[in-house]
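Enquirer: I have a structure here, written as structure tokens, and I will follow up with some questions on it.
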Amino acid sequence: MPGKILIIGASGQIGTELSLKLREIHGNERVIASDIREGKDELMNSGPFEVADATNAQQIGEIVEKHAISEVYLMAAMLSATAEKAPMKAWHLNMESLFNVLNLARDKKIAKIFWPSSIAVFGPTTPKEGTPQNTIMEPSTVYGISKQTGERWCEYFHRIYGVDVRSIRYPGIISYRTLPGGGTTDYAIEIFHEAVKNGSYTSFLSEDTSLPMMYMEDAIKATIDIMEAPSEKIKIRSAYNLSAMSFTPKELAEEIKKKLPEFKINYNPDFRQRIADSWPSSIDDSQAREDWGWNPDFDIEALTTAMLEGMKEQLQK
């Protein structure tokens with residue numbers, strides 16, 4: 001039987017839902033969730049959980065040995081908007097956690113790694129429309145700098161040590177199940193909470209700011225699909241471009257109004273506008289589609305329906 005799976009950063013926005021999905025696929029006892037703090041009851045009650053600091057190599061190594069881990073999903077990170085407020089802390093978390101798992105794979109303690117990159121690797125000099133897989137990357141945020149650096153290290157560890165590391169550049173991820181985690185695209189989650197609860201929302205991005213977005217189910221699917229793909233199909237060992245849709249706050253608000261006609265939106269851009277302006281408006285992910293068959297299930301209409309229905313269900317509990 002293959003070894004077990006470890007998710008580091010399992011209490012976070014993506015980590016929670018990824019852990020639950022992997023437990024559904026592989027069985028609860030084969031998927032070890034881990035974070036510096038405990039997570040939601042659903043996560044804690046569904047399988048093993050280890051409290052650990054992702055930057056502590058000894059703690060992570062002990063968990064790997066204790067549970068005979070063969071695959072690691074490293075989801076721990078400080079996201080874009082939060083990282084701008086604590087640059088050195090963000091750099092330490094985002095980089096040390098990656099080195100810890102890369103070194104474990106180099107030393108043959110684990111067999112396979114998933115590490116998420118982000119559209120934050122791109123910057124103001126990157127082509128904004130249909131951003132290519134290989135292009136100018138001059139990130140202007142701490143988060144983006146750490147992710148671009150991480151991509152280079154992943155590629156290096158694969159080339160020099162043969163480490164089987166796989167990565168995708170997440171766009172904005174939207175989910176009703178977990179609260180926003182300090183990202184620049186989080187308006188697209190907050191807007192649904194406020195639409196259902198209060199009927200109005202004030203966006204921290206301007207109405208015409210177009211950004212690549214993805215529903216959480218598609219993000220989880222892509223993450224598992226790239227890890228399950230045969231190694232020879234993974235031709236990029238830095239990170240793959242990934243996309244599902246692009247829209248502006250105004251376009252999303254108009255979609256919500258089709259379901260909630262009384263909904264109102266206002267705009268009061270803050271420091272996150274500068275971050276958003278440095279990112280692509282749309283992404284070319286043809287390489288992921290060609291290499292390992294990526295294909296999203298959700299467009300803006302399906303996303304809006306799923307988010308509003310999910311939010312209403314949560315409020316009724």
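Naming scheme: A, B, ... for chains in displayed order of the structure tokens; residues 1 onward per chain; ligands 1 onward as shown.
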Pick out the residues sitting within 9 Å of Tyr201 of chain A, and hand them over as a VMD selection string; count only C-alpha atoms, and ignore anything fewer than 3 positions along from it in its own chain.
Expert: chain A and resid 190 to 195 198 263 to 267
Enquirer: Check which residues of segment 178-225 of chain A sit at most 6 Å from segment 279-300 of chain A using only C-alpha atoms, and return one row each with the closest pair of atoms and their distance in Å to one decimal, ordered by chain and rising number, as CSV.
Expert:
residue,atom,partner,partner_atom,distance
A:Ser210,CA,A:Ser281,CA,5.1
A:Leu211,CA,A:Ser281,CA,4.6
A:Pro212,CA,A:Ser282,CA,5.4
A:Asp218,CA,A:Pro296,CA,5.8
Enquirer: Counting only C-alpha atoms, what is within 10 Å of segment 136-145 of chain A, bar same-chain residues fewer than 2 positions away, as a count of residues only?
Expert: 40
Enquirer: Using only C-alpha atoms, can you tell me which of A:Ile256, A:Ala276, A:Leu303, A:Val165 comes closest to Asp186 of chain A?
Expert: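 Ranking A:Ile256, A:Ala276, A:Leu303, A:Val165 by distance to Asp186 of chain A, first place goes to A:Ala276.
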Enquirer: With only C-alpha atoms as the counted atoms, please give the residues lying no more than 8 Å from Ser206 of chain A, apart from itself and same-chain residues fewer than 4 positions off, as an MDAnalysis selection string.
Expert: chainID A and resid 249 267:269 273
Enquirer: From the options A:Asp270, A:Ser243, A:Lys317, A:Gly199, which residue's atoms come nearest to Lys257 of chain A, counting only C-alpha atoms?
Expert: A:Gly199
Enquirer: Of the candidates A:Gly181, A:Ser231, A:Glu313, A:Lys128, which shows the shortest atom-to-atom distance to Asp277 of chain A, using only C-alpha atoms?
Expert: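 Checking each candidate against Asp277 of chain A, we get A:Lys128 as the closest.
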Enquirer: Tell me, as an MDAnalysis selection string, which residues lie within 6 Å of segment 24-39 of chain A, counting only C-alpha atoms; anything in the same chain fewer than 5 positions away does not count.
Expert: chainID A and resid 4:11 47:53
Enquirer: Write the residues of the preceding selection, restricted to C-alpha atoms, as a short mmCIF file (atom, residue, chain, number, x, y, z; two decimals), in the first residue's frame.
Expert:
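And here's out20.cif as it stands now:
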data_model
loop_
_atom_site.label_atom_id
_atom_site.label_comp_id
_atom_site.auth_asym_id
_atom_site.auth_seq_id
_atom_site.Cartn_x
_atom_site.Cartn_y
_atom_site.Cartn_z
CA LYS A 4 -0.10 8.36 3.52
CA ILE A 5 -0.83 11.94 2.47
CA LEU A 6 0.02 15.01 4.57
CA ILE A 7 -1.66 18.40 4.07
CA ILE A 8 0.32 21.22 5.70
CA GLY A 9 -1.83 24.32 6.17
CA ALA A 10 -4.98 22.20 6.34
CA SER A 11 -6.97 24.74 8.36
CA GLY A 47 -9.51 12.17 10.45
CA PRO A 48 -6.05 12.54 12.02
CA PHE A 49 -4.75 16.05 12.76
CA GLU A 50 -1.30 17.18 13.87
CA VAL A 51 -0.59 20.66 15.27
CA ALA A 52 2.73 21.78 13.76
CA ASP A 53 4.60 24.85 12.55
#
Enquirer: Return as a Markdown table the residues of segment 97-201 of chain A lying at most 6 Å from segment 237-240 of chain A, together with the closest atom-to-atom pair for each and the distance in Å to one decimal, counting only C-alpha atoms, with rows in chain order and ascending residue number.
Expert:
| residue | atom | partner | partner_atom | distance |
| --- | --- | --- | --- | --- |
| A:Glu151 | CA | A:Ser238 | CA | 4.4 |
| A:Cys154 | CA | A:Ser238 | CA | 5.7 |
| A:Glu155 | CA | A:Ser238 | CA | 4.9 |
| A:Arg166 | CA | A:Arg237 | CA | 6.0 |
| A:Ser167 | CA | A:Ala239 | CA | 4.5 |
| A:Ile168 | CA | A:Tyr240 | CA | 4.5 |
| A:Arg169 | CA | A:Tyr240 | CA | 5.8 |
Enquirer: If you run DSSP on the backbone, which residues of segment 146-276 of chain A are helix (DSSP H, G or I), as a ChimeraX atom specification?
Expert: /A:146-161,184-197,216-228,231-233,249-259,272-276
Enquirer: Sorted by chain and rising residue number, which residues of segment 224-259 of chain A lie within 12 Å of segment 58-73 of chain A, and what are their closest atom pairs and distances in Å to one decimal, counting only C-alpha atoms, as a Markdown table?
Expert:
| residue | atom | partner | partner_atom | distance |
| --- | --- | --- | --- | --- |
| A:Ile224 | CA | A:Tyr73 | CA | 9.8 |
| A:Ile226 | CA | A:Tyr73 | CA | 11.7 |
| A:Met227 | CA | A:Glu71 | CA | 9.2 |
| A:Glu228 | CA | A:Glu71 | CA | 10.9 |
Enquirer: Please save N, CA and C atoms of the selected residues as a PDB file, in the first residue's frame.
Expert:
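After the write, selection_12.pdb holds the following:
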ATOM      1  N   ILE A 224      -5.775  18.012  -7.358  1.00  0.00           N
ATOM      2  CA  ILE A 224      -5.720  16.549  -7.294  1.00  0.00           C
ATOM      3  C   ILE A 224      -5.351  15.965  -8.658  1.00  0.00           C
ATOM      4  N   ILE A 226      -3.468  17.236 -11.074  1.00  0.00           N
ATOM      5  CA  ILE A 226      -2.041  17.356 -11.412  1.00  0.00           C
ATOM      6  C   ILE A 226      -1.204  16.387 -10.581  1.00  0.00           C
ATOM      7  N   MET A 227      -1.640  16.120  -9.351  1.00  0.00           N
ATOM      8  CA  MET A 227      -0.901  15.171  -8.515  1.00  0.00           C
ATOM      9  C   MET A 227      -1.099  13.721  -8.980  1.00  0.00           C
ATOM     10  N   GLU A 228      -2.252  13.434  -9.564  1.00  0.00           N
ATOM     11  CA  GLU A 228      -2.535  12.064  -9.991  1.00  0.00           C
ATOM     12  C   GLU A 228      -2.048  11.785 -11.411  1.00  0.00           C
TER      13      GLU A 228
END
Enquirer: Where does DSSP see strand (DSSP E) in segment 69-178 of chain A, if you list the residues as a list of chain:residue names?
Expert: A:Ile69, A:Ser70, A:Glu71, A:Val72, A:Tyr73, A:Leu74, A:Lys112, A:Ile113, A:Phe114, A:Ser117, A:Ser118, A:Val165, A:Arg166, A:Ile168, A:Arg169, A:Tyr170, A:Gly172, A:Ile173, A:Ile174
Enquirer: Considering only C-alpha atoms, state which residue in the set A:Val163, A:Ala54, A:Leu179, A:Leu74 is at the smallest distance from Lys108 of chain A.
Expert: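 Between A:Val163, A:Ala54, A:Leu179, A:Leu74, the residue approaching Lys108 of chain A most closely is A:Val163.
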Enquirer: Residues within 8 Å of segment 305-308 of chain A, please, as a PyMOL selection string. Count only C-alpha atoms; anything in the same chain fewer than 4 positions from it doesn't count.
Expert: chain A and resi 175-176+192+196+301+312
Enquirer: Could you take the residues named above and write them with N, CA and C atoms, as a short mmCIF file (atom, residue, chain, number, x, y, z; two decimals), in the first residue's frame?
Expert:
data_model
loop_
_atom_site.label_atom_id
_atom_site.label_comp_id
_atom_site.auth_asym_id
_atom_site.auth_seq_id
_atom_site.Cartn_x
_atom_site.Cartn_y
_atom_site.Cartn_z
N SER A 175 -15.02 30.50 -2.49
CA SER A 175 -15.71 29.43 -1.77
C SER A 175 -16.60 30.02 -0.69
N TYR A 176 -17.73 29.38 -0.44
CA TYR A 176 -18.61 29.83 0.65
C TYR A 176 -18.32 29.10 1.95
N PHE A 192 -20.57 37.87 -1.72
CA PHE A 192 -21.67 36.92 -1.56
C PHE A 192 -22.19 36.90 -0.12
N VAL A 196 -26.11 38.18 0.66
CA VAL A 196 -27.12 37.35 1.31
C VAL A 196 -27.54 37.93 2.65
N GLU A 301 -21.69 32.19 -14.22
CA GLU A 301 -23.09 31.91 -13.90
C GLU A 301 -23.20 30.74 -12.92
N LYS A 312 -26.84 30.55 1.52
CA LYS A 312 -28.17 30.45 2.11
C LYS A 312 -28.28 29.21 2.98
#
Enquirer: Take atom CA of Asn100 of chain A and atom CA of Ala57 of chain A and report the distance between them in Å, one decimal.
Expert: 5.4 Å
